[in-house]
Amino acid sequence: MKDVFCKIIDGEIPCSKVYEDDDVLAILDISQTTKGHTLVMPKKHYENFLSCPNDIALKVYAVARRIGQAEIGLLGAKGVNVLTNVGEAAGQSVPHFHVHVIPRYVGGEGGFQITMKGQDTTGMDLPRLASDIANAIK
Ligand SMILES: [Zn+2]
């Protein structure tokens with residue numbers, strides 16, 4: 001079964017289009033977590049960032065970058081969060097790779113919250129962990 005983004009790409013569901021080329025589509029997120037919240041995605045279906053080929057992922061991020069610049073230049077955002085979720089455990093709700101570009105306004109967080117809290121690393125062997133990850137990406 002087609003996911004909602006494939007249906008939008010195929011024109012079966014309407015959207016507020018921000019950008020389109022042969023490979024990439026950008027639309028306003030229907031939730032508008034903050035004003036201007038945009039989703040950038042490849043037109044071809046890839047389940048997530050990790051399964052998307054580099055050349056397509058780079059095109060998606062290049063568009064996300066331009067949209068982030070516009071959100072600051074046009075909408076007056078003071079910052080932008082650019083993020084993608086991989087897998088349900090990370091909060092991915094539609095299994096079609098997409099990048100959120102979320103403008104941030106001073107005093108206007110809207111419905112967006114992100115919290116990164118450090119944890120106690122006692123007992124973690126960080127040099128070993130770094131080495132294990134380094135070896136896995138060789
Ligand atoms: Zn899809």
# chains A, B, ... in the order shown; residues from 1 in each chain; ligands from 1

call {"tool": "residues_near_ligand", "arguments": {"ligand": "ligand 1", "cutoff": "12 Å", "atoms": "only C-alpha atoms and all ligand atoms", "output": "MDAnalysis selection string"}}
result
chainID A and resid 1:10 25 41:48 52 93:98

call {"tool": "write_last_selection", "arguments": {"atoms": "C-alpha atoms", "output": "PDB file, in the first residue's frame"}}
result
ATOM      1  CA  MET A   1       0.000   0.000   0.000  1.00  0.00           C
ATOM      2  CA  LYS A   2       1.196   3.502  -0.859  1.00  0.00           C
ATOM      3  CA  ASP A   3       2.190   5.777   1.987  1.00  0.00           C
ATOM      4  CA  VAL A   4       0.704   9.257   2.223  1.00  0.00           C
ATOM      5  CA  PHE A   5       3.777  10.941   0.698  1.00  0.00           C
ATOM      6  CA  CYS A   6       3.726   8.684  -2.375  1.00  0.00           C
ATOM      7  CA  LYS A   7       0.035   9.590  -2.757  1.00  0.00           C
ATOM      8  CA  ILE A   8       0.914  13.298  -2.553  1.00  0.00           C
ATOM      9  CA  ILE A   9       3.759  12.842  -5.059  1.00  0.00           C
ATOM     10  CA  ASP A  10       1.371  11.029  -7.420  1.00  0.00           C
ATOM     11  CA  LEU A  25       9.357  17.631  -3.541  1.00  0.00           C
ATOM     12  CA  MET A  41      11.415  14.368   0.354  1.00  0.00           C
ATOM     13  CA  PRO A  42      12.667  12.382  -2.629  1.00  0.00           C
ATOM     14  CA  LYS A  43       9.960  11.683  -5.196  1.00  0.00           C
ATOM     15  CA  LYS A  44      11.150   8.110  -5.469  1.00  0.00           C
ATOM     16  CA  HIS A  45      10.187   6.011  -2.492  1.00  0.00           C
ATOM     17  CA  TYR A  46      12.920   5.252   0.030  1.00  0.00           C
ATOM     18  CA  GLU A  47      11.835   4.143   3.457  1.00  0.00           C
ATOM     19  CA  ASN A  48      14.200   6.436   5.345  1.00  0.00           C
ATOM     20  CA  CYS A  52      18.250   6.529   0.435  1.00  0.00           C
ATOM     21  CA  SER A  93       5.491   8.399  11.377  1.00  0.00           C
ATOM     22  CA  VAL A  94       5.497   8.036   7.567  1.00  0.00           C
ATOM     23  CA  PRO A  95       7.828   5.368   6.129  1.00  0.00           C
ATOM     24  CA  HIS A  96       9.030   7.583   3.258  1.00  0.00           C
ATOM     25  CA  PHE A  97      12.288   9.491   3.782  1.00  0.00           C
ATOM     26  CA  HIS A  98      11.601  13.139   4.611  1.00  0.00           C
TER      27      HIS A  98
END

call {"tool": "residues_around", "arguments": {"residues": "Val82 in chain A", "least_positions_apart": "4", "cutoff": "10 Å", "atoms": "only C-alpha atoms", "output": "list in words"}}
result
Thr38, Leu39, Tyr61, Ala64, Arg65, Gly68, Val99, His100, Val101, Ile102 and Pro103 of chain A

call {"tool": "write_last_selection", "arguments": {"atoms": "N, CA and C atoms", "output": "PDB file, in the first residue's frame"}}
result
ATOM      1  N   THR A  38       8.253  22.780   7.009  1.00  0.00           N
ATOM      2  CA  THR A  38       8.269  22.216   5.656  1.00  0.00           C
ATOM      3  C   THR A  38       8.876  20.821   5.674  1.00  0.00           C
ATOM      4  N   LEU A  39       8.375  19.970   4.800  1.00  0.00           N
ATOM      5  CA  LEU A  39       8.917  18.622   4.630  1.00  0.00           C
ATOM      6  C   LEU A  39       9.548  18.513   3.250  1.00  0.00           C
ATOM      7  N   TYR A  61      18.799  17.352   0.952  1.00  0.00           N
ATOM      8  CA  TYR A  61      19.365  18.282   1.940  1.00  0.00           C
ATOM      9  C   TYR A  61      19.722  19.634   1.331  1.00  0.00           C
ATOM     10  N   ALA A  64      16.525  21.427   1.458  1.00  0.00           N
ATOM     11  CA  ALA A  64      16.240  21.771   2.858  1.00  0.00           C
ATOM     12  C   ALA A  64      17.051  22.999   3.287  1.00  0.00           C
ATOM     13  N   ARG A  65      18.276  23.061   2.825  1.00  0.00           N
ATOM     14  CA  ARG A  65      19.144  24.193   3.153  1.00  0.00           C
ATOM     15  C   ARG A  65      18.573  25.499   2.599  1.00  0.00           C
ATOM     16  N   GLY A  68      15.526  26.477   4.611  1.00  0.00           N
ATOM     17  CA  GLY A  68      15.936  27.037   5.905  1.00  0.00           C
ATOM     18  C   GLY A  68      16.393  28.480   5.770  1.00  0.00           C
ATOM     19  N   VAL A  99      12.732  15.115   5.312  1.00  0.00           N
ATOM     20  CA  VAL A  99      13.488  15.983   6.212  1.00  0.00           C
ATOM     21  C   VAL A  99      12.570  17.117   6.653  1.00  0.00           C
ATOM     22  N   HIS A 100      12.481  17.298   7.953  1.00  0.00           N
ATOM     23  CA  HIS A 100      11.710  18.414   8.503  1.00  0.00           C
ATOM     24  C   HIS A 100      12.594  19.654   8.524  1.00  0.00           C
ATOM     25  N   VAL A 101      12.062  20.766   8.041  1.00  0.00           N
ATOM     26  CA  VAL A 101      12.733  22.058   8.201  1.00  0.00           C
ATOM     27  C   VAL A 101      11.773  22.911   9.020  1.00  0.00           C
ATOM     28  N   ILE A 102      12.155  23.153  10.266  1.00  0.00           N
ATOM     29  CA  ILE A 102      11.242  23.758  11.241  1.00  0.00           C
ATOM     30  C   ILE A 102      11.809  25.103  11.689  1.00  0.00           C
ATOM     31  N   PRO A 103      11.197  26.204  11.246  1.00  0.00           N
ATOM     32  CA  PRO A 103      11.695  27.514  11.673  1.00  0.00           C
ATOM     33  C   PRO A 103      11.437  27.730  13.157  1.00  0.00           C
TER      34      PRO A 103
END

call {"tool": "atom_distance", "arguments": {"atom1": "CA of Arg66 in chain A", "atom2": "CA of Tyr19 in chain A"}}
result
10.1 Å

call {"tool": "closest_residue", "arguments": {"among": "A:Val80, A:Val24, A:Ala136, A:Ile72", "to": "Ala57 in chain A", "atoms": "only C-alpha atoms"}}
result
A:Val24

call {"tool": "atom_distance", "arguments": {"atom1": "CA of Gly110 in chain A", "atom2": "CA of Thr34 in chain A"}}
result
5.1 Å

call {"tool": "select_by_dssp", "arguments": {"residues": "range 39-131 of chain A", "states": "strand (DSSP E or B)", "output": "PyMOL selection string"}}
result
chain A and resi 39-42+79-83+99-105+108

call {"tool": "atom_distance", "arguments": {"atom1": "CA of Ser31 in chain A", "atom2": "CA of Phe112 in chain A"}}
result
10.5 Å

call {"tool": "select_by_dssp", "arguments": {"residues": "chain A", "states": "alpha helix (DSSP H)", "output": "PyMOL selection string"}}
result
chain A and resi 4-9+54-73+126-136

call {"tool": "closest_residue", "arguments": {"among": "A:Asp55, A:Asp125, A:Lys35, A:Phe49", "to": "Gly111 in chain A", "atoms": "only C-alpha atoms"}}
result
A:Lys35

call {"tool": "residues_around", "arguments": {"residues": "Gly36 in chain A", "least_positions_apart": "4", "cutoff": "10 Å", "atoms": "only C-alpha atoms", "output": "PyMOL selection string"}}
result
chain A and resi 18+27-29+32+67-68+70-71+75+77+101-104
